[in-house]
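S.K.: See target_27.csv below, with CSV, C-alpha atoms.
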```
chain,number,residue,atom,x,y,z
A,87,MET,CA,0.0,0.0,0.0
A,88,ARG,CA,1.1,3.6,-0.7
A,89,ILE,CA,-0.2,6.6,1.3
A,90,TYR,CA,-0.2,9.9,-0.5
A,91,GLY,CA,-0.3,12.6,2.2
A,92,ASP,CA,1.1,15.6,4.1
A,93,LEU,CA,2.5,15.0,7.5
A,94,GLY,CA,1.4,18.4,8.6
A,95,SER,CA,-2.2,17.5,7.9
A,96,GLY,CA,-4.3,15.9,10.7
A,97,ASN,CA,-6.4,14.2,8.0
A,98,CYS,CA,-3.3,12.5,6.7
A,99,LEU,CA,-1.9,11.7,10.1
A,100,LYS,CA,-5.0,9.8,10.9
A,101,VAL,CA,-4.1,7.3,8.2
A,102,LYS,CA,-0.6,7.0,9.5
A,103,TYR,CA,-1.8,6.4,13.0
A,104,ILE,CA,-4.2,3.6,12.1
A,105,ALA,CA,-1.7,1.9,9.7
A,106,ASP,CA,1.0,2.1,12.4
A,107,ALA,CA,-1.3,0.8,15.1
A,108,LEU,CA,-2.4,-2.2,13.0
A,109,GLY,CA,1.1,-2.9,11.7
A,110,ILE,CA,0.0,-2.4,8.0
A,111,ALA,CA,3.1,-1.9,5.8
A,112,TYR,CA,3.1,1.1,3.6
A,113,ASP,CA,5.2,3.5,1.5
A,114,TRP,CA,4.6,7.2,2.0
A,115,THR,CA,4.6,9.8,-0.8
A,116,ASP,CA,4.6,13.4,0.4
A,117,VAL,CA,1.9,15.4,-1.4
A,118,ILE,CA,1.8,18.8,0.3
A,119,SER,CA,-1.6,20.6,0.5
A,120,GLY,CA,-1.8,24.2,-0.8
A,121,THR,CA,1.2,23.9,-3.1
A,122,GLY,CA,-0.8,22.8,-6.2
A,123,ALA,CA,0.5,19.2,-5.7
A,124,THR,CA,-3.1,18.0,-5.3
A,125,ARG,CA,-4.2,19.6,-8.6
A,126,THR,CA,-1.7,18.0,-11.0
A,127,PRO,CA,-3.1,15.6,-13.6
A,128,GLN,CA,-1.1,12.8,-12.0
A,129,PHE,CA,-2.7,13.4,-8.6
A,130,LEU,CA,-6.2,14.0,-10.0
A,131,ALA,CA,-5.9,10.5,-11.6
A,132,LEU,CA,-5.6,9.2,-8.0
A,133,ASN,CA,-8.3,11.3,-6.5
A,134,PRO,CA,-10.5,13.5,-8.9
A,135,ALA,CA,-11.6,15.5,-5.8
A,136,GLY,CA,-8.0,16.8,-5.5
A,137,GLN,CA,-7.6,16.1,-1.7
A,138,VAL,CA,-5.1,14.2,0.4
A,139,PRO,CA,-4.9,11.7,1.9
A,140,VAL,CA,-5.3,9.0,-0.7
A,141,ILE,CA,-4.2,5.4,-0.4
A,142,ALA,CA,-3.3,3.2,-3.4
A,143,LEU,CA,-3.6,-0.5,-2.8
A,144,ASP,CA,-1.0,-2.8,-4.4
A,145,ASP,CA,-3.5,-3.7,-7.2
A,146,GLY,CA,-3.8,0.0,-8.1
A,147,ARG,CA,-7.3,0.7,-6.6
A,148,THR,CA,-7.4,4.0,-4.8
A,149,LEU,CA,-9.4,5.4,-1.8
A,150,ALA,CA,-9.7,8.9,-0.5
A,151,GLN,CA,-11.4,10.7,2.4
A,152,SER,CA,-9.5,10.2,5.7
A,153,ASN,CA,-12.4,8.7,7.6
A,154,ALA,CA,-13.3,6.3,4.8
A,155,ILE,CA,-9.7,5.2,4.8
A,156,LEU,CA,-9.8,4.7,8.6
A,157,ARG,CA,-12.9,2.6,8.3
A,158,TYR,CA,-11.5,0.5,5.5
A,159,LEU,CA,-8.1,-0.2,7.0
A,160,ALA,CA,-9.6,-0.9,10.5
A,161,ARG,CA,-12.3,-3.2,9.3
A,162,ASN,CA,-12.5,-6.4,11.3
A,163,SER,CA,-10.0,-4.9,13.9
A,164,ARG,CA,-10.4,-3.9,17.5
A,165,PHE,CA,-10.8,-0.3,16.4
A,166,ILE,CA,-14.3,-0.8,15.1
A,167,PRO,CA,-17.0,-2.1,17.5
A,168,SER,CA,-18.6,-5.4,16.5
A,169,ASP,CA,-21.9,-4.1,18.0
A,170,ASP,CA,-23.9,-2.4,15.2
A,171,PHE,CA,-25.2,0.4,17.4
A,172,LEU,CA,-21.7,1.2,18.8
A,173,ALA,CA,-20.4,1.2,15.3
A,174,ALA,CA,-23.1,3.7,14.4
A,175,LYS,CA,-22.2,5.9,17.3
A,176,MET,CA,-18.6,5.7,16.1
A,177,ASP,CA,-19.8,6.8,12.6
A,178,GLU,CA,-21.7,9.7,14.3
A,179,TRP,CA,-18.4,11.0,15.6
A,180,LEU,CA,-16.6,10.5,12.3
A,181,PHE,CA,-19.2,12.6,10.4
A,182,TRP,CA,-19.3,15.2,13.2
A,183,GLU,CA,-15.5,15.5,13.0
A,184,GLN,CA,-15.6,16.3,9.3
A,185,TYR,CA,-18.6,18.7,9.5
A,186,SER,CA,-18.2,20.4,12.8
A,187,HIS,CA,-14.6,20.0,14.0
A,188,GLU,CA,-12.2,19.9,11.1
A,189,PRO,CA,-13.6,22.9,9.2
A,190,CYS,CA,-13.0,25.2,12.2
A,191,VAL,CA,-10.3,23.6,14.4
A,192,ALA,CA,-8.1,22.7,11.5
A,193,VAL,CA,-8.8,25.8,9.4
A,194,ALA,CA,-7.9,28.1,12.3
A,195,ARG,CA,-4.6,26.1,12.8
A,196,ALA,CA,-3.8,26.3,9.1
A,197,HIS,CA,-4.3,30.1,9.2
A,198,VAL,CA,-1.5,30.3,11.8
A,199,VAL,CA,0.8,27.5,10.8
A,200,TYR,CA,0.6,27.7,7.0
A,201,ARG,CA,-1.0,30.9,5.8
A,202,GLY,CA,1.2,33.4,7.6
A,203,GLY,CA,-1.6,34.6,9.9
A,204,THR,CA,-1.5,35.1,13.6
A,205,ILE,CA,-3.6,33.9,16.5
A,206,ALA,CA,-4.9,37.5,16.9
A,207,ASP,CA,-6.2,37.8,13.3
A,208,ARG,CA,-7.9,34.4,13.0
A,209,ASP,CA,-11.5,34.6,11.7
A,210,PRO,CA,-13.7,35.2,14.8
A,211,ALA,CA,-16.6,33.1,13.4
A,212,ILE,CA,-14.3,30.1,12.8
A,213,VAL,CA,-12.7,30.5,16.2
A,214,ALA,CA,-16.1,30.6,17.9
A,215,ARG,CA,-17.2,27.4,16.1
A,216,ALA,CA,-13.8,25.7,17.0
A,217,GLU,CA,-14.1,26.6,20.7
A,218,ALA,CA,-17.6,25.2,20.7
A,219,ALA,CA,-16.5,22.0,19.0
A,220,LEU,CA,-13.6,21.6,21.6
A,221,ASP,CA,-16.1,22.2,24.4
A,222,HIS,CA,-18.5,19.7,23.0
A,223,LEU,CA,-15.7,17.1,22.8
A,224,ASP,CA,-14.5,17.9,26.3
A,225,ARG,CA,-18.1,17.4,27.7
A,226,ALA,CA,-18.6,14.2,25.8
A,227,LEU,CA,-15.4,12.7,27.4
A,228,ASP,CA,-16.6,13.5,30.9
A,229,GLY,CA,-16.4,10.2,32.8
A,230,ARG,CA,-15.2,8.3,29.7
A,231,SER,CA,-11.9,7.0,28.6
A,232,PHE,CA,-12.9,6.9,24.9
A,233,LEU,CA,-15.6,8.4,22.7
A,234,VAL,CA,-17.5,5.2,22.1
A,235,GLY,CA,-17.7,2.1,24.3
A,236,ASP,CA,-14.8,1.2,26.6
A,237,THR,CA,-12.0,0.9,24.1
A,238,MET,CA,-10.3,3.1,21.5
A,239,THR,CA,-12.0,3.2,18.1
A,240,ILE,CA,-11.3,5.1,14.9
A,241,ALA,CA,-13.6,7.8,16.3
A,242,ASP,CA,-10.9,8.6,18.8
A,243,ILE,CA,-8.2,8.5,16.1
A,244,ALA,CA,-10.1,10.8,13.8
A,245,LEU,CA,-10.7,13.4,16.6
A,246,LEU,CA,-7.3,13.0,18.1
A,247,ALA,CA,-5.4,14.2,15.0
A,248,TYR,CA,-6.5,17.8,14.8
A,249,THR,CA,-7.4,18.1,18.5
A,250,ARG,CA,-3.8,17.4,19.7
A,251,LEU,CA,-2.5,19.9,17.2
A,252,SER,CA,-5.1,22.6,18.1
A,253,PRO,CA,-2.8,24.5,20.5
A,254,GLU,CA,-0.8,25.4,17.4
A,255,GLY,CA,-3.9,27.2,16.2
A,256,GLY,CA,-4.2,29.2,19.4
A,257,PHE,CA,-6.6,27.0,21.3
A,258,ASP,CA,-6.1,26.6,25.0
A,259,LEU,CA,-6.8,23.0,26.1
A,260,ARG,CA,-5.8,23.7,29.8
A,261,THR,CA,-9.4,24.6,30.6
A,262,ARG,CA,-10.6,21.3,29.1
A,263,PRO,CA,-9.2,18.6,31.5
A,264,GLN,CA,-11.2,15.7,30.0
A,265,LEU,CA,-9.7,16.5,26.6
A,266,LEU,CA,-6.2,16.6,27.9
A,267,ARG,CA,-6.6,13.3,29.7
A,268,TRP,CA,-8.1,11.7,26.6
A,269,ILE,CA,-5.3,13.0,24.4
A,270,ALA,CA,-2.7,11.5,26.7
A,271,THR,CA,-4.5,8.2,26.9
A,272,CYS,CA,-4.8,8.0,23.1
A,273,GLU,CA,-1.2,9.0,22.6
A,274,HIS,CA,-0.2,6.2,25.0
A,275,GLU,CA,-2.4,3.7,23.3
A,276,LEU,CA,-1.0,4.6,19.9
A,277,GLY,CA,2.6,4.8,21.0
A,278,LEU,CA,2.8,8.4,19.9
A,279,PRO,CA,5.3,10.8,21.4
A,280,ALA,CA,3.7,13.3,23.7
A,281,LEU,CA,3.6,15.9,20.9
A,282,GLY,CA,0.1,16.4,22.1
A,283,ASN,CA,1.3,17.7,25.5
A,284,ALA,CA,-1.2,20.4,24.7
A,285,ALA,CA,-0.7,22.5,27.9
A,286,GLN,CA,3.0,22.6,27.1
A,287,GLN,CA,2.4,23.6,23.5
A,288,GLN,CA,0.1,26.3,24.6
A,289,GLU,CA,2.8,27.7,26.9
A,290,GLN,CA,5.1,27.8,23.9
A,291,ALA,CA,2.4,29.3,21.6
A,292,HIS,CA,1.7,32.1,24.1
A,293,GLY,CA,5.5,32.6,24.6
B,225,MET,CA,-38.4,4.5,15.9
B,226,ARG,CA,-38.9,8.2,15.9
B,227,ILE,CA,-37.2,10.6,13.5
B,228,TYR,CA,-36.7,14.2,14.7
B,229,GLY,CA,-36.2,16.3,11.6
B,230,ASP,CA,-37.1,19.1,9.3
B,231,LEU,CA,-38.6,18.2,6.0
B,232,GLY,CA,-37.0,21.2,4.4
B,233,SER,CA,-33.5,19.8,5.2
B,234,GLY,CA,-31.8,17.5,2.7
B,235,ASN,CA,-30.0,15.9,5.7
B,236,CYS,CA,-33.3,15.0,7.2
B,237,LEU,CA,-34.9,13.9,3.9
B,238,LYS,CA,-32.1,11.3,3.5
B,239,VAL,CA,-33.3,9.6,6.7
B,240,LYS,CA,-36.9,9.6,5.4
B,241,TYR,CA,-35.8,8.3,2.0
B,242,ILE,CA,-33.9,5.3,3.4
B,243,ALA,CA,-36.6,4.4,6.0
B,244,ASP,CA,-39.3,4.6,3.4
B,245,ALA,CA,-37.2,2.5,0.9
B,246,LEU,CA,-36.6,-0.2,3.5
B,247,GLY,CA,-40.1,-0.1,4.9
B,248,ILE,CA,-39.0,0.8,8.4
B,249,ALA,CA,-41.9,2.1,10.4
B,250,TYR,CA,-41.3,5.5,12.2
B,251,ASP,CA,-43.0,8.4,13.8
B,252,TRP,CA,-41.9,11.8,12.7
B,253,THR,CA,-41.4,14.9,14.9
B,254,ASP,CA,-40.8,18.2,13.2
B,255,VAL,CA,-37.8,20.0,14.7
B,256,ILE,CA,-37.2,23.0,12.5
B,257,SER,CA,-33.6,24.2,12.0
B,258,GLY,CA,-32.8,27.8,12.6
B,259,THR,CA,-35.8,28.5,14.9
B,260,GLY,CA,-34.0,27.6,18.2
B,261,ALA,CA,-35.8,24.2,18.3
B,262,THR,CA,-32.5,22.4,18.1
B,263,ARG,CA,-31.1,24.3,21.1
B,264,THR,CA,-33.7,23.5,23.7
B,265,PRO,CA,-32.7,21.4,26.8
B,266,GLN,CA,-35.1,18.7,25.6
B,267,PHE,CA,-33.5,18.5,22.1
B,268,LEU,CA,-30.0,18.8,23.4
B,269,ALA,CA,-30.7,15.7,25.6
B,270,LEU,CA,-31.4,13.8,22.3
B,271,ASN,CA,-28.3,15.3,20.5
B,272,PRO,CA,-25.8,17.4,22.5
B,273,ALA,CA,-24.5,18.6,19.2
B,274,GLY,CA,-27.8,20.4,18.6
B,275,GLN,CA,-28.4,19.2,15.0
B,276,VAL,CA,-31.1,17.4,13.1
B,277,PRO,CA,-31.8,14.7,12.1
B,278,VAL,CA,-31.8,12.5,15.1
B,279,ILE,CA,-33.4,9.1,15.4
B,280,ALA,CA,-34.6,7.6,18.7
B,281,LEU,CA,-34.9,3.8,18.8
B,282,ASP,CA,-37.8,2.3,20.8
B,283,ASP,CA,-35.4,1.6,23.7
B,284,GLY,CA,-34.5,5.3,23.9
B,285,ARG,CA,-31.1,5.1,22.4
B,286,THR,CA,-30.4,8.0,20.0
B,287,LEU,CA,-28.3,8.5,16.9
B,288,ALA,CA,-27.4,11.7,15.1
B,289,GLN,CA,-25.6,12.6,11.8
B,290,SER,CA,-27.5,11.9,8.7
B,291,ASN,CA,-24.9,9.7,7.1
B,292,ALA,CA,-24.3,7.7,10.3
B,293,ILE,CA,-28.1,7.1,10.4
B,294,LEU,CA,-28.2,6.0,6.8
B,295,ARG,CA,-25.4,3.6,7.4
B,296,TYR,CA,-27.1,2.2,10.5
B,297,LEU,CA,-30.6,1.9,9.1
B,298,ALA,CA,-29.3,0.3,5.8
B,299,ARG,CA,-27.0,-2.2,7.5
B,300,ASN,CA,-27.3,-5.6,6.0
B,301,SER,CA,-29.5,-4.2,3.2
B,302,ARG,CA,-29.1,-3.9,-0.6
B,303,PHE,CA,-28.1,-0.3,-0.1
B,304,ILE,CA,-24.7,-1.1,1.4
B,305,PRO,CA,-22.3,-3.2,-0.8
B,306,SER,CA,-21.2,-6.5,0.8
B,307,ASP,CA,-17.8,-6.1,-0.8
B,308,ASP,CA,-15.4,-4.3,1.6
B,309,PHE,CA,-13.8,-2.1,-1.0
B,310,LEU,CA,-17.1,-1.0,-2.6
B,311,ALA,CA,-18.4,-0.2,0.9
B,312,ALA,CA,-15.2,1.9,1.4
B,313,LYS,CA,-15.9,3.8,-1.9
B,314,MET,CA,-19.4,4.4,-0.7
B,315,ASP,CA,-18.0,5.8,2.6
B,316,GLU,CA,-15.7,8.0,0.5
B,317,TRP,CA,-18.7,9.6,-1.1
B,318,LEU,CA,-20.5,10.0,2.2
B,319,PHE,CA,-17.6,11.9,3.8
B,320,TRP,CA,-17.1,14.0,0.6
B,321,GLU,CA,-20.8,14.9,0.7
B,322,GLN,CA,-20.6,16.3,4.2
B,323,TYR,CA,-17.2,18.0,3.7
B,324,SER,CA,-17.4,19.3,0.1
B,325,HIS,CA,-21.0,19.3,-1.1
B,326,GLU,CA,-23.4,20.0,1.8
B,327,PRO,CA,-21.5,23.0,3.2
B,328,CYS,CA,-21.8,24.8,-0.1
B,329,VAL,CA,-24.7,23.4,-2.1
B,330,ALA,CA,-27.0,23.3,0.9
B,331,VAL,CA,-25.7,26.6,2.4
B,332,ALA,CA,-26.3,28.5,-0.9
B,333,ARG,CA,-29.9,27.0,-1.1
B,334,ALA,CA,-30.6,27.9,2.6
B,335,HIS,CA,-29.5,31.5,1.8
B,336,VAL,CA,-32.2,31.8,-0.8
B,337,VAL,CA,-34.9,29.5,0.7
B,338,TYR,CA,-34.7,30.3,4.4
B,339,ARG,CA,-32.5,33.4,5.0
B,340,GLY,CA,-34.4,35.9,2.8
B,341,GLY,CA,-31.5,36.2,0.4
B,342,THR,CA,-31.6,36.1,-3.4
B,343,ILE,CA,-29.7,34.1,-6.0
B,344,ALA,CA,-27.9,37.3,-7.0
B,345,ASP,CA,-26.5,38.0,-3.5
B,346,ARG,CA,-25.3,34.5,-2.6
B,347,ASP,CA,-21.7,34.3,-1.3
B,348,PRO,CA,-19.5,34.0,-4.4
B,349,ALA,CA,-17.0,31.8,-2.7
B,350,ILE,CA,-19.7,29.3,-1.6
B,351,VAL,CA,-21.3,29.4,-5.0
B,352,ALA,CA,-17.9,28.6,-6.7
B,353,ARG,CA,-17.4,25.6,-4.4
B,354,ALA,CA,-20.9,24.4,-5.0
B,355,GLU,CA,-20.6,24.7,-8.8
B,356,ALA,CA,-17.3,22.7,-8.6
B,357,ALA,CA,-19.0,20.1,-6.4
B,358,LEU,CA,-21.9,19.6,-8.8
B,359,ASP,CA,-19.4,19.4,-11.7
B,360,HIS,CA,-17.4,16.8,-9.8
B,361,LEU,CA,-20.5,14.7,-9.3
B,362,ASP,CA,-21.6,15.1,-12.9
B,363,ARG,CA,-18.2,13.9,-14.1
B,364,ALA,CA,-18.2,11.0,-11.6
B,365,LEU,CA,-21.6,9.8,-13.0
B,366,ASP,CA,-20.4,9.7,-16.6
B,367,GLY,CA,-21.1,6.2,-17.9
B,368,ARG,CA,-22.5,5.1,-14.6
B,369,SER,CA,-26.0,4.5,-13.3
B,370,PHE,CA,-25.0,5.0,-9.6
B,371,LEU,CA,-22.0,6.3,-7.7
B,372,VAL,CA,-20.6,3.0,-6.5
B,373,GLY,CA,-21.0,-0.4,-8.1
B,374,ASP,CA,-24.0,-1.2,-10.3
B,375,THR,CA,-26.8,-0.6,-7.8
B,376,MET,CA,-28.1,2.2,-5.7
B,377,THR,CA,-26.3,2.6,-2.4
B,378,ILE,CA,-26.7,5.1,0.5
B,379,ALA,CA,-24.0,7.2,-1.3
B,380,ASP,CA,-26.6,7.9,-3.9
B,381,ILE,CA,-29.3,8.7,-1.3
B,382,ALA,CA,-26.9,11.0,0.6
B,383,LEU,CA,-25.9,13.0,-2.5
B,384,LEU,CA,-29.4,13.0,-4.0
B,385,ALA,CA,-31.0,14.9,-1.2
B,386,TYR,CA,-29.4,18.3,-1.6
B,387,THR,CA,-28.5,17.8,-5.3
B,388,ARG,CA,-32.2,17.5,-6.4
B,389,LEU,CA,-33.0,20.6,-4.3
B,390,SER,CA,-30.1,22.6,-5.7
B,391,PRO,CA,-32.0,24.4,-8.4
B,392,GLU,CA,-33.9,26.1,-5.5
B,393,GLY,CA,-30.5,27.6,-4.6
B,394,GLY,CA,-29.9,28.9,-8.1
B,395,PHE,CA,-27.9,26.1,-9.6
B,396,ASP,CA,-28.5,25.2,-13.2
B,397,LEU,CA,-28.4,21.4,-13.7
B,398,ARG,CA,-29.4,21.6,-17.4
B,399,THR,CA,-25.7,21.7,-18.3
B,400,ARG,CA,-25.0,18.6,-16.2
B,401,PRO,CA,-26.8,15.8,-18.1
B,402,GLN,CA,-25.3,12.9,-16.1
B,403,LEU,CA,-26.6,14.5,-13.0
B,404,LEU,CA,-30.1,15.0,-14.4
B,405,ARG,CA,-30.2,11.4,-15.6
B,406,TRP,CA,-29.0,10.1,-12.2
B,407,ILE,CA,-31.5,12.2,-10.3
B,408,ALA,CA,-34.3,10.8,-12.4
B,409,THR,CA,-33.0,7.2,-11.9
B,410,CYS,CA,-32.7,7.6,-8.1
B,411,GLU,CA,-36.2,9.2,-7.8
B,412,HIS,CA,-37.6,6.3,-9.8
B,413,GLU,CA,-35.8,3.7,-7.6
B,414,LEU,CA,-37.0,5.4,-4.4
B,415,GLY,CA,-40.5,6.0,-5.7
B,416,LEU,CA,-40.2,9.7,-5.2
B,417,PRO,CA,-42.3,12.2,-7.1
B,418,ALA,CA,-40.3,14.0,-9.7
B,419,LEU,CA,-39.7,17.0,-7.4
B,420,GLY,CA,-36.2,16.7,-8.6
B,421,ASN,CA,-37.2,17.6,-12.2
B,422,ALA,CA,-34.4,20.0,-11.9
B,423,ALA,CA,-34.6,21.5,-15.4
B,424,GLN,CA,-38.2,22.4,-14.7
B,425,GLN,CA,-37.4,23.8,-11.3
B,426,GLN,CA,-34.7,25.9,-12.8
B,427,GLU,CA,-37.1,27.3,-15.3
B,428,GLN,CA,-39.4,28.3,-12.4
B,429,ALA,CA,-36.5,29.7,-10.4
B,430,HIS,CA,-35.4,31.9,-13.3
B,431,GLY,CA,-38.9,32.8,-14.1
```
Please, can you express the file's structure as structure tokens?
M.R.:
Amino acid sequence: MRIYGDLGSGNCLKVKYIADALGIAYDWTDVISGTGATRTPQFLALNPAGQVPVIALDDGRTLAQSNAILRYLARNSRFIPSDDFLAAKMDEWLFWEQYSHEPCVAVARAHVVYRGGTIADRDPAIVARAEAALDHLDRALDGRSFLVGDTMTIADIALLAYTRLSPEGGFDLRTRPQLLRWIATCEHELGLPALGNAAQQQEQAHG
Amino acid sequence: MRIYGDLGSGNCLKVKYIADALGIAYDWTDVISGTGATRTPQFLALNPAGQVPVIALDDGRTLAQSNAILRYLARNSRFIPSDDFLAAKMDEWLFWEQYSHEPCVAVARAHVVYRGGTIADRDPAIVARAEAALDHLDRALDGRSFLVGDTMTIADIALLAYTRLSPEGGFDLRTRPQLLRWIATCEHELGLPALGNAAQQQEQAHG
């Protein structure tokens, strides 16, 4: 399998996280968002929608959309509940992530990290939606180790990616203790370095 | 089962379409978006994210996110491919719909239909993204009856909902023959009235 992606993108990191967690072998090709690399004829042949990540199976078939890739790679694994209703609740989080979390949390971060903006001049409407999304996630994790059921699912992996990077976009997770605990738990489960030490990142972001 | 939804919302109509197609009995409770009805304590107890549609099973468990509901209600039915990779391609379309189609095609329509706006004063950036999304869908349907495999899946149902309503938002489908043919096929398969006679709607919209 080959993964086409951008290691600065949470959507692409999700795919790396699940492949690494499941021990799926892959080659990685960097395709950097915002450089035109997703709009070349060669890339559009892989994904006509012009978005990373994309995976190409050894037989040449391709699949796009980070959460669809998570669902495919994790099929029949411990990361997808065998119970139909729990799997549906997992899907609920996956669609919420793409509709109500990524378009604000990731977009605010991209403004600061990639577009030469500052925390001060982020779009206030996007920031308000991102703060509300992070609050929603924090409340949902109250008294829970993971978003669905008692074990980590791809819902956690999908939400982890941009949430652990959110301090880079100026979001303060120190007021969200459930979120900080959950990030640490997920990082431990996935064997990730504590890049998501969000309180520490926040200190750095605020100087 | 009870469906909480707004019959003017494509996201809610998706749930009605699949329940009707599968002969699943339900009661319907109107919860109208944009009126505050999704922000009451009673509604937030059903869905803390404050969005319709929501379904409540007879045992009280609730599920939100239209495409998660589609996936749950259609499990083990003809509307979800049994082949893992085809199911993944179906998921790819479901996530694309929520990320790249609904936030522009539906938002432009809402501006005209619900927000007192006109076709002329729609947000140009949103219109451009919506036109690109409709073009992408039209190209994807070239030579195909349905989006994935040879039969209708919930990917078609998810994309149909707002696409067939898009002329209300000022989008001209007459230049997109694959899309018009696919809408008619889906309407026929689902036993829907030809409300999606998009060319005719467009004539009406443009007077």
S.K.: Identify every residue of chain B that has at least one atom within 9 Å of any atom of chain A, counting all atoms listed in the file, and report the result as number ranges by chain.
M.R.: B: 272-273, 286-293, 295-296, 299, 308-309, 311-320, 322-323, 327, 357, 360, 364
S.K.: When you draw a straight line from CA of Leu414 (chain B) to CA of Ala245 (chain B), how long is it in Å?
M.R.: 6.0 Å
S.K.: Mind checking which residues fall within 9 Å of Ala243 (chain B), counting only C-alpha atoms, ignoring those fewer than 4 positions away in the same chain, and posting them as a list in words?
M.R.: Lys238, Val239, Gly247, Ile248, Ala249, Tyr250, Leu294, Leu297 and Ala298 of chain B
S.K.: Hey, can you check how far CA of Thr249 (chain A) sits from CA of Leu93 (chain A)?
M.R.: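 Distance between the two atoms: 15.1 Å.
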S.K.: Quick one, how far is CA of Asp224 (chain A) from CA of Asp92 (chain A)?
M.R.: 27.2 Å
S.K.: Which neighbours of Ala349 (chain B) fall inside 9 Å, counting all atoms listed in the file, when residues of the same chain fewer than 4 positions from it are skipped, and could you give them as a ChimeraX atom specification?
M.R.: /B:328,353-354
S.K.: Could you check the closest approach to Asp244 (chain B) for each of B:Ile381, B:Val351, B:Val276, B:Gly393 and tell me which residue wins, using all atoms listed in the file?
M.R.: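 Nearest candidate to Asp244 (chain B) out of B:Ile381, B:Val351, B:Val276, B:Gly393: B:Ile381.
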S.K.: Residues proximal to (-6.1, 23.2, 10.5) were defined as those with any atom within 8 Å of that point in the file's coordinates, counting only C-alpha atoms. Which are they, as a list in words?
M.R.: Ser95, Gly96, Glu188, Pro189, Cys190, Val191, Ala192, Val193, Ala194, Arg195, Ala196, His197, Tyr248, Ser252 and Gly255 of chain A
S.K.: List as a list in words the protein and nucleic acid residues near Ala270 (chain A), meaning an atom at most 12 Å away when all atoms listed in the file are counted, but skip any in the same chain fewer than 2 places from it.
M.R.: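 In the requested form, the answer reads Ser231, Phe232, Asp242, Leu246, Thr249, Arg250, Pro263, Gln264, Leu265, Leu266, Arg267, Trp268, Cys272, Glu273, His274, Glu275, Leu276, Gly277, Leu278, Pro279, Ala280, Leu281, Gly282, Asn283, Ala284 and Ala285 of chain A.
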S.K.: Just want the 6 Å neighbourhood of region 278-283 of chain B, counted on only C-alpha atoms, with same-chain residues fewer than 5 positions away dropped. Output as a list in words.
M.R.: Met225, Arg226, Ile227, Tyr228 and Ala288 of chain B
S.K.: Complete region 395-406 of chain B at the level of N, CA and C atoms, written as a PDB file, keeping the file's coordinate frame.
M.R.:
```
ATOM      1  N   PHE B 395     -28.814  26.854  -8.764  1.00  0.00           N
ATOM      2  CA  PHE B 395     -27.900  26.100  -9.600  1.00  0.00           C
ATOM      3  C   PHE B 395     -28.573  25.475 -10.772  1.00  0.00           C
ATOM      4  N   ASP B 396     -27.936  25.590 -11.912  1.00  0.00           N
ATOM      5  CA  ASP B 396     -28.500  25.200 -13.200  1.00  0.00           C
ATOM      6  C   ASP B 396     -27.999  23.760 -13.499  1.00  0.00           C
ATOM      7  N   LEU B 397     -28.862  22.775 -13.407  1.00  0.00           N
ATOM      8  CA  LEU B 397     -28.400  21.400 -13.700  1.00  0.00           C
ATOM      9  C   LEU B 397     -28.561  21.027 -15.144  1.00  0.00           C
ATOM     10  N   ARG B 398     -29.129  21.915 -15.947  1.00  0.00           N
ATOM     11  CA  ARG B 398     -29.400  21.600 -17.400  1.00  0.00           C
ATOM     12  C   ARG B 398     -28.079  21.360 -18.126  1.00  0.00           C
ATOM     13  N   THR B 399     -26.987  21.929 -17.605  1.00  0.00           N
ATOM     14  CA  THR B 399     -25.700  21.700 -18.300  1.00  0.00           C
ATOM     15  C   THR B 399     -24.971  20.501 -17.731  1.00  0.00           C
ATOM     16  N   ARG B 400     -25.656  19.761 -16.881  1.00  0.00           N
ATOM     17  CA  ARG B 400     -25.000  18.600 -16.200  1.00  0.00           C
ATOM     18  C   ARG B 400     -25.922  17.362 -16.509  1.00  0.00           C
ATOM     19  N   PRO B 401     -25.835  16.828 -17.722  1.00  0.00           N
ATOM     20  CA  PRO B 401     -26.800  15.800 -18.100  1.00  0.00           C
ATOM     21  C   PRO B 401     -26.649  14.488 -17.341  1.00  0.00           C
ATOM     22  N   GLN B 402     -25.440  14.143 -16.900  1.00  0.00           N
ATOM     23  CA  GLN B 402     -25.300  12.900 -16.100  1.00  0.00           C
ATOM     24  C   GLN B 402     -26.032  13.027 -14.795  1.00  0.00           C
ATOM     25  N   LEU B 403     -25.946  14.232 -14.248  1.00  0.00           N
ATOM     26  CA  LEU B 403     -26.600  14.500 -13.000  1.00  0.00           C
ATOM     27  C   LEU B 403     -28.099  14.418 -13.097  1.00  0.00           C
ATOM     28  N   LEU B 404     -28.643  15.004 -14.170  1.00  0.00           N
ATOM     29  CA  LEU B 404     -30.100  15.000 -14.400  1.00  0.00           C
ATOM     30  C   LEU B 404     -30.594  13.543 -14.558  1.00  0.00           C
ATOM     31  N   ARG B 405     -29.842  12.758 -15.338  1.00  0.00           N
ATOM     32  CA  ARG B 405     -30.200  11.400 -15.600  1.00  0.00           C
ATOM     33  C   ARG B 405     -30.200  10.572 -14.260  1.00  0.00           C
ATOM     34  N   TRP B 406     -29.133  10.780 -13.473  1.00  0.00           N
ATOM     35  CA  TRP B 406     -29.000  10.100 -12.200  1.00  0.00           C
ATOM     36  C   TRP B 406     -30.067  10.477 -11.194  1.00  0.00           C
TER      37      TRP B 406
END
```
